[in-house]
file coords35.pdb (PDB, C-alpha atoms)
MODEL        1
ATOM      1  CA  THR A   1     276.476 101.020 -53.944
ATOM      2  CA  GLN A   2     277.288  99.724 -50.490
ATOM      3  CA  LEU A   3     278.910 102.278 -48.201
ATOM      4  CA  LEU A   4     280.581  99.445 -46.314
ATOM      5  CA  GLU A   5     281.876  96.528 -48.381
ATOM      6  CA  GLN A   6     282.562  93.272 -46.591
ATOM      7  CA  SER A   7     284.667  90.480 -48.006
ATOM      8  CA  PRO A   8     284.446  87.655 -48.437
ATOM      9  CA  GLN A   9     280.666  87.295 -48.483
ATOM     10  CA  PHE A  10     280.872  83.569 -47.725
ATOM     11  CA  LEU A  11     283.606  81.591 -46.040
ATOM     12  CA  SER A  12     283.671  77.873 -45.291
ATOM     13  CA  ILE A  13     286.663  76.520 -43.398
ATOM     14  CA  GLN A  14     287.744  73.590 -41.245
ATOM     15  CA  GLU A  15     288.030  73.739 -37.495
ATOM     16  CA  GLY A  16     291.440  75.003 -36.439
ATOM     17  CA  GLU A  17     292.052  77.240 -39.446
ATOM     18  CA  ASN A  18     292.636  80.984 -39.238
ATOM     19  CA  LEU A  19     290.611  83.539 -41.175
ATOM     20  CA  THR A  20     290.296  87.258 -41.785
ATOM     21  CA  VAL A  21     287.185  89.210 -42.708
ATOM     22  CA  TYR A  22     287.465  92.686 -44.179
ATOM     23  CA  CYS A  23     285.231  95.744 -44.004
ATOM     24  CA  ASN A  24     286.156  98.533 -46.412
ATOM     25  CA  SER A  25     284.828 101.969 -47.293
ATOM     26  CA  SER A  26     285.866 105.127 -49.093
ATOM     27  CA  SER A  27     284.338 107.125 -46.235
ATOM     28  CA  VAL A  28     285.809 107.975 -42.857
ATOM     29  CA  PHE A  29     283.921 106.718 -39.814
ATOM     30  CA  SER A  30     284.179 108.009 -36.268
ATOM     31  CA  SER A  31     283.911 104.411 -35.098
ATOM     32  CA  LEU A  32     283.240 100.952 -36.438
ATOM     33  CA  GLN A  33     281.440  98.123 -34.753
ATOM     34  CA  TRP A  34     281.394  94.380 -35.339
ATOM     35  CA  TYR A  35     278.347  92.224 -34.687
ATOM     36  CA  ARG A  36     277.793  88.485 -34.853
ATOM     37  CA  GLN A  37     274.430  87.011 -35.703
ATOM     38  CA  GLU A  38     273.257  83.413 -35.437
ATOM     39  CA  PRO A  39     270.381  82.144 -37.606
ATOM     40  CA  GLY A  40     266.986  83.298 -36.356
ATOM     41  CA  GLU A  41     268.445  85.649 -33.740
ATOM     42  CA  GLY A  42     269.332  89.315 -33.484
ATOM     43  CA  PRO A  43     272.920  90.544 -33.987
ATOM     44  CA  VAL A  44     275.105  90.728 -30.899
ATOM     45  CA  LEU A  45     277.655  93.507 -30.503
ATOM     46  CA  LEU A  46     281.213  92.142 -30.318
ATOM     47  CA  VAL A  47     283.376  95.249 -30.251
ATOM     48  CA  THR A  48     283.625  98.950 -31.073
ATOM     49  CA  VAL A  49     286.837 100.432 -32.446
ATOM     50  CA  VAL A  50     287.265 104.185 -32.261
ATOM     51  CA  THR A  51     290.880 105.248 -32.771
ATOM     52  CA  GLY A  52     292.717 104.866 -36.088
ATOM     53  CA  GLY A  53     295.128 101.931 -35.848
ATOM     54  CA  GLU A  54     293.370 100.548 -32.769
ATOM     55  CA  VAL A  55     293.583  96.817 -32.136
ATOM     56  CA  LYS A  56     291.211  95.009 -29.788
ATOM     57  CA  LYS A  57     291.253  91.363 -28.817
ATOM     58  CA  LEU A  58     288.351  89.252 -27.664
ATOM     59  CA  LYS A  59     289.692  85.766 -26.889
ATOM     60  CA  ARG A  60     290.564  84.316 -30.340
ATOM     61  CA  LEU A  61     289.125  87.311 -32.204
ATOM     62  CA  THR A  62     291.312  90.294 -33.122
ATOM     63  CA  PHE A  63     289.748  93.485 -34.460
ATOM     64  CA  GLN A  64     291.686  96.270 -36.133
ATOM     65  CA  PHE A  65     290.633  99.752 -37.221
ATOM     66  CA  GLY A  66     292.544 101.192 -40.172
ATOM     67  CA  ASP A  67     294.830 104.172 -39.613
ATOM     68  CA  ALA A  68     292.609 106.349 -41.802
ATOM     69  CA  ARG A  69     289.434 105.031 -40.097
ATOM     70  CA  LYS A  70     288.008 103.861 -43.434
ATOM     71  CA  ASP A  71     288.397 100.127 -42.958
ATOM     72  CA  SER A  72     288.482  97.391 -40.375
ATOM     73  CA  SER A  73     289.347  93.727 -40.156
ATOM     74  CA  LEU A  74     288.359  90.799 -37.994
ATOM     75  CA  HIS A  75     290.838  87.947 -37.583
ATOM     76  CA  ILE A  76     289.857  84.659 -35.975
ATOM     77  CA  THR A  77     292.577  82.302 -34.799
ATOM     78  CA  ALA A  78     291.963  78.555 -34.644
ATOM     79  CA  ALA A  79     288.312  78.795 -35.660
ATOM     80  CA  GLN A  80     285.792  76.578 -33.902
ATOM     81  CA  PRO A  81     282.315  75.406 -35.002
ATOM     82  CA  GLY A  82     280.866  77.774 -32.406
ATOM     83  CA  ASP A  83     282.251  80.694 -34.444
ATOM     84  CA  THR A  84     279.789  79.903 -37.231
ATOM     85  CA  GLY A  85     277.479  82.808 -38.003
ATOM     86  CA  LEU A  86     276.997  86.049 -39.893
ATOM     87  CA  TYR A  87     279.564  88.725 -39.093
ATOM     88  CA  LEU A  88     278.452  92.296 -39.713
ATOM     89  CA  CYS A  89     280.480  95.485 -39.584
ATOM     90  CA  ALA A  90     278.723  98.801 -39.040
ATOM     91  CA  GLY A  91     279.738 102.440 -38.962
ATOM     92  CA  VAL A  92     277.999 105.664 -38.029
ATOM     93  CA  LYS A  93     277.318 108.041 -40.903
ATOM     94  CA  GLY A  94     274.895 110.944 -40.896
ATOM     95  CA  GLY A  95     273.661 110.038 -37.444
ATOM     96  CA  LYS A  96     272.720 106.525 -38.468
ATOM     97  CA  LEU A  97     274.373 103.128 -38.127
ATOM     98  CA  ILE A  98     275.203 101.781 -41.597
ATOM     99  CA  PHE A  99     275.697  98.039 -41.921
ATOM    100  CA  GLY A 100     277.785  96.068 -44.357
ATOM    101  CA  GLN A 101     276.191  93.113 -46.139
ATOM    102  CA  GLY A 102     277.872  90.641 -43.832
ATOM    103  CA  THR A 103     280.233  87.690 -44.068
ATOM    104  CA  GLU A 104     278.657  84.292 -43.589
ATOM    105  CA  LEU A 105     281.149  82.031 -41.846
ATOM    106  CA  SER A 106     280.811  78.258 -41.601
ATOM    107  CA  VAL A 107     283.335  76.328 -39.529
ATOM    108  CA  LYS A 108     283.175  72.582 -40.072
ATOM    109  CA  PRO A 109     284.349  70.156 -37.377
TER
ATOM    110  CA  SER B   1     270.416  94.742 -16.685
ATOM    111  CA  GLN B   2     268.733  95.801 -19.878
ATOM    112  CA  THR B   3     266.596  93.453 -21.944
ATOM    113  CA  ILE B   4     264.668  93.879 -25.149
ATOM    114  CA  HIS B   5     261.622  91.883 -26.156
ATOM    115  CA  GLN B   6     259.910  91.445 -29.487
ATOM    116  CA  TRP B   7     256.711  89.676 -30.348
ATOM    117  CA  PRO B   8     255.491  87.737 -32.018
ATOM    118  CA  ALA B   9     258.516  85.619 -32.878
ATOM    119  CA  THR B  10     256.992  84.409 -36.135
ATOM    120  CA  LEU B  11     254.011  85.567 -38.142
ATOM    121  CA  VAL B  12     252.340  84.400 -41.325
ATOM    122  CA  GLN B  13     249.904  86.908 -42.783
ATOM    123  CA  PRO B  14     247.981  87.119 -46.076
ATOM    124  CA  VAL B  15     248.537  89.947 -48.526
ATOM    125  CA  GLY B  16     246.360  92.934 -47.670
ATOM    126  CA  SER B  17     246.059  92.146 -43.971
ATOM    127  CA  PRO B  18     247.188  94.566 -41.219
ATOM    128  CA  LEU B  19     250.357  94.205 -39.187
ATOM    129  CA  SER B  20     251.435  95.119 -35.688
ATOM    130  CA  LEU B  21     254.848  94.176 -34.284
ATOM    131  CA  GLU B  22     255.789  95.220 -30.783
ATOM    132  CA  CYS B  23     259.112  95.917 -29.132
ATOM    133  CA  THR B  24     259.716  96.774 -25.487
ATOM    134  CA  VAL B  25     262.903  97.581 -23.624
ATOM    135  CA  GLU B  26     263.472  97.065 -19.912
ATOM    136  CA  GLY B  27     266.139  98.413 -17.594
ATOM    137  CA  THR B  28     266.875 101.740 -19.286
ATOM    138  CA  SER B  29     265.205 105.114 -19.696
ATOM    139  CA  ASN B  30     264.768 107.268 -22.794
ATOM    140  CA  PRO B  31     266.546 104.893 -25.156
ATOM    141  CA  ASN B  32     266.921 105.524 -28.874
ATOM    142  CA  LEU B  33     264.829 102.881 -30.635
ATOM    143  CA  TYR B  34     265.207 101.424 -34.114
ATOM    144  CA  TRP B  35     263.344  99.131 -36.513
ATOM    145  CA  TYR B  36     265.375  97.238 -39.122
ATOM    146  CA  ARG B  37     264.467  94.732 -41.807
ATOM    147  CA  GLN B  38     266.861  92.003 -42.849
ATOM    148  CA  ALA B  39     266.355  90.116 -46.088
ATOM    149  CA  ALA B  40     267.862  86.701 -46.733
ATOM    150  CA  GLY B  41     270.079  86.855 -43.639
ATOM    151  CA  ARG B  42     272.218  89.654 -44.978
ATOM    152  CA  GLY B  43     272.663  93.337 -44.177
ATOM    153  CA  LEU B  44     270.225  95.341 -42.128
ATOM    154  CA  GLN B  45     268.075  98.090 -43.628
ATOM    155  CA  LEU B  46     267.052 100.838 -41.218
ATOM    156  CA  LEU B  47     263.299 101.489 -41.436
ATOM    157  CA  PHE B  48     262.509 103.858 -38.557
ATOM    158  CA  TYR B  49     264.183 105.347 -35.535
ATOM    159  CA  SER B  50     262.952 107.293 -32.543
ATOM    160  CA  VAL B  51     264.759 109.491 -30.044
ATOM    161  CA  GLY B  52     261.721 110.024 -27.803
ATOM    162  CA  ILE B  53     258.003 109.475 -27.265
ATOM    163  CA  GLY B  54     256.040 110.431 -30.363
ATOM    164  CA  GLN B  55     259.224 111.242 -32.329
ATOM    165  CA  ILE B  56     259.589 109.011 -35.380
ATOM    166  CA  SER B  57     261.972 109.343 -38.322
ATOM    167  CA  SER B  58     261.326 107.301 -41.444
ATOM    168  CA  GLU B  59     264.205 106.139 -43.583
ATOM    169  CA  VAL B  60     262.542 104.265 -46.424
ATOM    170  CA  PRO B  61     259.255 105.156 -48.198
ATOM    171  CA  GLN B  62     256.958 102.179 -47.843
ATOM    172  CA  ASN B  63     253.600 101.050 -46.569
ATOM    173  CA  LEU B  64     254.929 100.599 -43.033
ATOM    174  CA  SER B  65     254.647 103.025 -40.141
ATOM    175  CA  ALA B  66     256.031 103.194 -36.612
ATOM    176  CA  SER B  67     254.833 104.638 -33.346
ATOM    177  CA  ARG B  68     256.297 105.150 -29.889
ATOM    178  CA  PRO B  69     253.393 105.494 -27.461
ATOM    179  CA  GLN B  70     255.559 104.995 -24.369
ATOM    180  CA  ASP B  71     259.206 105.625 -23.537
ATOM    181  CA  ARG B  72     260.256 101.995 -23.902
ATOM    182  CA  GLN B  73     257.705 100.751 -26.428
ATOM    183  CA  PHE B  74     258.128 100.813 -30.190
ATOM    184  CA  ILE B  75     255.501  99.505 -32.607
ATOM    185  CA  LEU B  76     255.774  98.711 -36.311
ATOM    186  CA  SER B  77     252.515  98.685 -38.247
ATOM    187  CA  SER B  78     250.994  98.336 -41.656
ATOM    188  CA  LYS B  79     247.414  98.764 -42.843
ATOM    189  CA  LYS B  80     247.838  96.416 -45.825
ATOM    190  CA  LEU B  81     250.761  94.029 -46.171
ATOM    191  CA  LEU B  82     252.517  93.400 -49.480
ATOM    192  CA  LEU B  83     254.430  90.279 -50.479
ATOM    193  CA  SER B  84     257.601  92.377 -50.428
ATOM    194  CA  ASP B  85     257.106  93.060 -46.708
ATOM    195  CA  SER B  86     258.256  89.525 -45.896
ATOM    196  CA  GLY B  87     261.489  89.429 -43.943
ATOM    197  CA  PHE B  88     263.150  89.366 -40.570
ATOM    198  CA  TYR B  89     262.271  92.448 -38.505
ATOM    199  CA  LEU B  90     264.629  93.538 -35.780
ATOM    200  CA  CYS B  91     264.170  96.113 -33.052
ATOM    201  CA  ALA B  92     267.193  97.679 -31.384
ATOM    202  CA  TRP B  93     267.988 100.239 -28.739
ATOM    203  CA  SER B  94     270.962 102.448 -27.906
ATOM    204  CA  VAL B  95     271.846 104.936 -25.213
ATOM    205  CA  ILE B  96     274.084 107.445 -26.964
ATOM    206  CA  GLY B  97     273.058 108.267 -30.513
ATOM    207  CA  PRO B  98     273.160 105.392 -33.016
ATOM    208  CA  TYR B  99     276.286 103.865 -31.468
ATOM    209  CA  GLU B 100     276.447 100.382 -29.960
ATOM    210  CA  GLN B 101     272.982  99.099 -30.623
ATOM    211  CA  TYR B 102     271.459  96.138 -28.811
ATOM    212  CA  PHE B 103     269.062  93.989 -30.750
ATOM    213  CA  GLY B 104     265.962  92.018 -29.899
ATOM    214  CA  PRO B 105     265.407  88.421 -30.998
ATOM    215  CA  GLY B 106     263.528  89.473 -34.144
ATOM    216  CA  THR B 107     260.195  88.635 -35.798
ATOM    217  CA  ARG B 108     260.084  86.448 -38.893
ATOM    218  CA  LEU B 109     257.240  87.748 -41.082
ATOM    219  CA  THR B 110     255.995  85.779 -44.062
ATOM    220  CA  VAL B 111     253.366  87.396 -46.261
ATOM    221  CA  THR B 112     251.487  84.850 -48.381
TER
ENDMDL
END

call {"tool": "encode", "arguments": {"input": "coords35.pdb", "output": "structure tokens"}}
result
Amino acid sequence: TQLLEQSPQFLSIQEGENLTVYCNSSSVFSSLQWYRQEPGEGPVLLVTVVTGGEVKKLKRLTFQFGDARKDSSLHITAAQPGDTGLYLCAGVKGGKLIFGQGTELSVKP
Amino acid sequence: SQTIHQWPATLVQPVGSPLSLECTVEGTSNPNLYWYRQAAGRGLQLLFYSVGIGQISSEVPQNLSASRPQDRQFILSSKKLLLSDSGFYLCAWSVIGPYEQYFGPGTRLTVT
């Protein structure tokens, strides 16, 4: 059983569309992080959310941490082909960083 | 600025052969270091982590081992590779606990 469940697992959309990726758990996390990974490369940290209800924006990306600190979402506005990649959420549990299984996003021009 | 290097970038090895993957970090002192394996481009499985020289914690029983001979060097090894060891191996570092990890470019290992 995955501690962090990401949905959807795969997402294929057209350029210009909006999308939301979800990261859910039954456990409380002190913080959640989002990473983006391109094929053949290591993940790159996008953001860390710490406070319940926190919202952070990174250009067209909006990250939200749930009030109960059990879930998080990533919303992309007007997606571009350059947004294509694997999006991973991760939370600290038991002194280790636990990763979700990822959402593979494909944005077609 | 900090940088992390991994080599080799790709490796094809026969079953039963030894393995040595190296990771080095520049621009920081006493980092926490991590080895992950990623299968089929999905989630990351933590294999080993180290909070200091000679201090290694193993997360998954397997035929792999890790060593940290220097502060900013982390090595992943195996005496005899199995087919199931194929995958994408990632090294990462962090400053404060397991939070906000920074990853290397990875090594693609194929065991034939």

call {"tool": "atom_distance", "arguments": {"input": "coords35.pdb", "atom1": "CA of Lys93 (chain A)", "atom2": "CA of Pro69 (chain B)"}}
result
27.6 Å

call {"tool": "closest_atom_pairs", "arguments": {"input": "coords35.pdb", "of": "chain A", "to": "chain B", "cutoff": "6 Å", "atoms": "only C-alpha atoms", "output": "CSV"}}
result
residue,atom,partner,partner_atom,distance
A:Glu41,CA,B:Pro105,CA,4.9
A:Gly42,CA,B:Pro105,CA,4.7
A:Lys96,CA,B:Pro98,CA,5.6
A:Leu97,CA,B:Pro98,CA,5.7
A:Gly100,CA,B:Gly43,CA,5.8
A:Gln101,CA,B:Gly43,CA,4.0
A:Gly102,CA,B:Arg42,CA,5.9

call {"tool": "axis_aligned_box", "arguments": {"input": "coords35.pdb", "around": "region 63-81 of chain A", "padding_each_side": "3 Å", "output": "lines of an AutoDock Vina configuration file"}}
result
center_x = 288.6
center_y = 90.9
center_z = -38.7
size_x = 18.5
size_y = 36.9
size_z = 15.5

call {"tool": "residues_around", "arguments": {"input": "coords35.pdb", "residues": "region 49-57 of chain A", "least_positions_apart": "4", "cutoff": "8 Å", "atoms": "only C-alpha atoms", "output": "list in words"}}
result
Ser30, Ser31, Leu32, Gln33, Leu61, Thr62, Phe63, Gln64, Phe65, Gly66, Asp67, Ala68 and Arg69 of chain A

call {"tool": "closest_residue", "arguments": {"input": "coords35.pdb", "among": "A:Cys89, A:Leu19, A:Val47, A:Leu105", "to": "Asp71 (chain A)", "atoms": "all atoms listed in the file"}}
result
A:Cys89

call {"tool": "resolve_selection", "arguments": {"input": "coords35.pdb", "expression": "the PyMOL selection byres ((chain B and resi 72) around 9)", "output": "mmCIF file with C-alpha atoms, in the coordinates of the input"}}
result
data_model
loop_
_atom_site.group_PDB
_atom_site.id
_atom_site.type_symbol
_atom_site.label_atom_id
_atom_site.label_comp_id
_atom_site.auth_asym_id
_atom_site.auth_seq_id
_atom_site.Cartn_x
_atom_site.Cartn_y
_atom_site.Cartn_z
ATOM 1 C CA CYS B 23 259.112 95.917 -29.132
ATOM 2 C CA THR B 24 259.716 96.774 -25.487
ATOM 3 C CA VAL B 25 262.903 97.581 -23.624
ATOM 4 C CA GLU B 26 263.472 97.065 -19.912
ATOM 5 C CA THR B 28 266.875 101.740 -19.286
ATOM 6 C CA SER B 29 265.205 105.114 -19.696
ATOM 7 C CA ASN B 30 264.768 107.268 -22.794
ATOM 8 C CA PRO B 31 266.546 104.893 -25.156
ATOM 9 C CA LEU B 33 264.829 102.881 -30.635
ATOM 10 C CA ILE B 53 258.003 109.475 -27.265
ATOM 11 C CA ARG B 68 256.297 105.150 -29.889
ATOM 12 C CA PRO B 69 253.393 105.494 -27.461
ATOM 13 C CA GLN B 70 255.559 104.995 -24.369
ATOM 14 C CA ASP B 71 259.206 105.625 -23.537
ATOM 15 C CA GLN B 73 257.705 100.751 -26.428
ATOM 16 C CA PHE B 74 258.128 100.813 -30.190
#

call {"tool": "atom_distance", "arguments": {"input": "coords35.pdb", "atom1": "CA of Arg37 (chain B)", "atom2": "CA of Arg36 (chain A)"}}
result
16.3 Å

call {"tool": "build_atoms", "arguments": {"input": "coords35.pdb", "residues": "region 66-92 of chain A", "atoms": "N, CA, C and O atoms", "output": "PDB file, in the frame of the given file"}}
result
ATOM      1  N   GLY A  66     291.517 100.643 -39.314  1.00  0.00           N
ATOM      2  CA  GLY A  66     292.544 101.192 -40.172  1.00  0.00           C
ATOM      3  C   GLY A  66     293.021 102.559 -39.701  1.00  0.00           C
ATOM      4  O   GLY A  66     292.278 103.294 -39.040  1.00  0.00           O
ATOM      5  N   ASP A  67     294.249 102.893 -40.041  1.00  0.00           N
ATOM      6  CA  ASP A  67     294.830 104.172 -39.613  1.00  0.00           C
ATOM      7  C   ASP A  67     293.984 105.356 -40.066  1.00  0.00           C
ATOM      8  O   ASP A  67     293.849 106.346 -39.344  1.00  0.00           O
ATOM      9  N   ALA A  68     293.411 105.258 -41.253  1.00  0.00           N
ATOM     10  CA  ALA A  68     292.609 106.349 -41.802  1.00  0.00           C
ATOM     11  C   ALA A  68     291.142 106.252 -41.396  1.00  0.00           C
ATOM     12  O   ALA A  68     290.323 107.071 -41.821  1.00  0.00           O
ATOM     13  N   ARG A  69     290.810 105.265 -40.603  1.00  0.00           N
ATOM     14  CA  ARG A  69     289.434 105.031 -40.097  1.00  0.00           C
ATOM     15  C   ARG A  69     288.439 104.836 -41.234  1.00  0.00           C
ATOM     16  O   ARG A  69     287.282 105.276 -41.173  1.00  0.00           O
ATOM     17  N   LYS A  70     288.907 104.181 -42.318  1.00  0.00           N
ATOM     18  CA  LYS A  70     288.008 103.861 -43.434  1.00  0.00           C
ATOM     19  C   LYS A  70     287.771 102.357 -43.546  1.00  0.00           C
ATOM     20  O   LYS A  70     286.927 101.926 -44.331  1.00  0.00           O
ATOM     21  N   ASP A  71     288.525 101.560 -42.802  1.00  0.00           N
ATOM     22  CA  ASP A  71     288.397 100.127 -42.958  1.00  0.00           C
ATOM     23  C   ASP A  71     288.692  99.424 -41.635  1.00  0.00           C
ATOM     24  O   ASP A  71     289.283 100.007 -40.718  1.00  0.00           O
ATOM     25  N   SER A  72     288.273  98.183 -41.576  1.00  0.00           N
ATOM     26  CA  SER A  72     288.482  97.391 -40.375  1.00  0.00           C
ATOM     27  C   SER A  72     288.607  95.932 -40.773  1.00  0.00           C
ATOM     28  O   SER A  72     288.167  95.526 -41.860  1.00  0.00           O
ATOM     29  N   SER A  73     289.231  95.158 -39.901  1.00  0.00           N
ATOM     30  CA  SER A  73     289.347  93.727 -40.156  1.00  0.00           C
ATOM     31  C   SER A  73     289.071  92.955 -38.883  1.00  0.00           C
ATOM     32  O   SER A  73     289.259  93.460 -37.768  1.00  0.00           O
ATOM     33  N   LEU A  74     288.615  91.735 -39.091  1.00  0.00           N
ATOM     34  CA  LEU A  74     288.359  90.799 -37.994  1.00  0.00           C
ATOM     35  C   LEU A  74     289.148  89.530 -38.302  1.00  0.00           C
ATOM     36  O   LEU A  74     288.954  88.918 -39.349  1.00  0.00           O
ATOM     37  N   HIS A  75     290.036  89.159 -37.411  1.00  0.00           N
ATOM     38  CA  HIS A  75     290.838  87.947 -37.583  1.00  0.00           C
ATOM     39  C   HIS A  75     290.457  86.952 -36.502  1.00  0.00           C
ATOM     40  O   HIS A  75     290.405  87.305 -35.320  1.00  0.00           O
ATOM     41  N   ILE A  76     290.168  85.724 -36.927  1.00  0.00           N
ATOM     42  CA  ILE A  76     289.857  84.659 -35.975  1.00  0.00           C
ATOM     43  C   ILE A  76     290.967  83.614 -36.038  1.00  0.00           C
ATOM     44  O   ILE A  76     291.295  83.101 -37.119  1.00  0.00           O
ATOM     45  N   THR A  77     291.524  83.310 -34.903  1.00  0.00           N
ATOM     46  CA  THR A  77     292.577  82.302 -34.799  1.00  0.00           C
ATOM     47  C   THR A  77     291.974  80.977 -34.360  1.00  0.00           C
ATOM     48  O   THR A  77     291.146  80.946 -33.448  1.00  0.00           O
ATOM     49  N   ALA A  78     292.411  79.911 -35.004  1.00  0.00           N
ATOM     50  CA  ALA A  78     291.963  78.555 -34.644  1.00  0.00           C
ATOM     51  C   ALA A  78     290.434  78.495 -34.537  1.00  0.00           C
ATOM     52  O   ALA A  78     289.881  78.237 -33.459  1.00  0.00           O
ATOM     53  N   ALA A  79     289.770  78.735 -35.650  1.00  0.00           N
ATOM     54  CA  ALA A  79     288.312  78.795 -35.660  1.00  0.00           C
ATOM     55  C   ALA A  79     287.674  77.511 -35.128  1.00  0.00           C
ATOM     56  O   ALA A  79     288.205  76.404 -35.317  1.00  0.00           O
ATOM     57  N   GLN A  80     286.549  77.690 -34.462  1.00  0.00           N
ATOM     58  CA  GLN A  80     285.792  76.578 -33.902  1.00  0.00           C
ATOM     59  C   GLN A  80     284.378  76.588 -34.475  1.00  0.00           C
ATOM     60  O   GLN A  80     283.893  77.643 -34.908  1.00  0.00           O
ATOM     61  N   PRO A  81     283.690  75.442 -34.478  1.00  0.00           N
ATOM     62  CA  PRO A  81     282.315  75.406 -35.002  1.00  0.00           C
ATOM     63  C   PRO A  81     281.406  76.439 -34.350  1.00  0.00           C
ATOM     64  O   PRO A  81     280.491  76.965 -34.993  1.00  0.00           O
ATOM     65  N   GLY A  82     281.667  76.769 -33.099  1.00  0.00           N
ATOM     66  CA  GLY A  82     280.866  77.774 -32.406  1.00  0.00           C
ATOM     67  C   GLY A  82     281.045  79.180 -32.953  1.00  0.00           C
ATOM     68  O   GLY A  82     280.276  80.086 -32.606  1.00  0.00           O
ATOM     69  N   ASP A  83     282.041  79.381 -33.818  1.00  0.00           N
ATOM     70  CA  ASP A  83     282.251  80.694 -34.444  1.00  0.00           C
ATOM     71  C   ASP A  83     281.343  80.879 -35.656  1.00  0.00           C
ATOM     72  O   ASP A  83     281.284  81.982 -36.218  1.00  0.00           O
ATOM     73  N   THR A  84     280.678  79.838 -36.070  1.00  0.00           N
ATOM     74  CA  THR A  84     279.789  79.903 -37.231  1.00  0.00           C
ATOM     75  C   THR A  84     278.718  80.968 -37.029  1.00  0.00           C
ATOM     76  O   THR A  84     278.135  81.079 -35.950  1.00  0.00           O
ATOM     77  N   GLY A  85     278.492  81.768 -38.075  1.00  0.00           N
ATOM     78  CA  GLY A  85     277.479  82.808 -38.003  1.00  0.00           C
ATOM     79  C   GLY A  85     277.706  83.876 -39.043  1.00  0.00           C
ATOM     80  O   GLY A  85     278.621  83.774 -39.867  1.00  0.00           O
ATOM     81  N   LEU A  86     276.890  84.912 -38.985  1.00  0.00           N
ATOM     82  CA  LEU A  86     276.997  86.049 -39.893  1.00  0.00           C
ATOM     83  C   LEU A  86     277.697  87.174 -39.143  1.00  0.00           C
ATOM     84  O   LEU A  86     277.245  87.593 -38.076  1.00  0.00           O
ATOM     85  N   TYR A  87     278.802  87.650 -39.704  1.00  0.00           N
ATOM     86  CA  TYR A  87     279.564  88.725 -39.093  1.00  0.00           C
ATOM     87  C   TYR A  87     279.285  90.017 -39.857  1.00  0.00           C
ATOM     88  O   TYR A  87     279.466  90.090 -41.071  1.00  0.00           O
ATOM     89  N   LEU A  88     278.846  91.026 -39.116  1.00  0.00           N
ATOM     90  CA  LEU A  88     278.452  92.296 -39.713  1.00  0.00           C
ATOM     91  C   LEU A  88     279.316  93.421 -39.160  1.00  0.00           C
ATOM     92  O   LEU A  88     279.506  93.517 -37.947  1.00  0.00           O
ATOM     93  N   CYS A  89     279.831  94.262 -40.054  1.00  0.00           N
ATOM     94  CA  CYS A  89     280.480  95.485 -39.584  1.00  0.00           C
ATOM     95  C   CYS A  89     279.485  96.622 -39.772  1.00  0.00           C
ATOM     96  O   CYS A  89     278.575  96.543 -40.605  1.00  0.00           O
ATOM     97  N   ALA A  90     279.647  97.673 -38.978  1.00  0.00           N
ATOM     98  CA  ALA A  90     278.723  98.801 -39.040  1.00  0.00           C
ATOM     99  C   ALA A  90     279.442 100.066 -38.616  1.00  0.00           C
ATOM    100  O   ALA A  90     280.256 100.040 -37.685  1.00  0.00           O
ATOM    101  N   GLY A  91     279.130 101.159 -39.301  1.00  0.00           N
ATOM    102  CA  GLY A  91     279.738 102.440 -38.962  1.00  0.00           C
ATOM    103  C   GLY A  91     278.690 103.527 -38.933  1.00  0.00           C
ATOM    104  O   GLY A  91     277.659 103.422 -39.598  1.00  0.00           O
ATOM    105  N   VAL A  92     278.955 104.561 -38.151  1.00  0.00           N
ATOM    106  CA  VAL A  92     277.999 105.664 -38.029  1.00  0.00           C
ATOM    107  C   VAL A  92     278.276 106.700 -39.105  1.00  0.00           C
ATOM    108  O   VAL A  92     279.410 107.174 -39.262  1.00  0.00           O
TER     109      VAL A  92
END
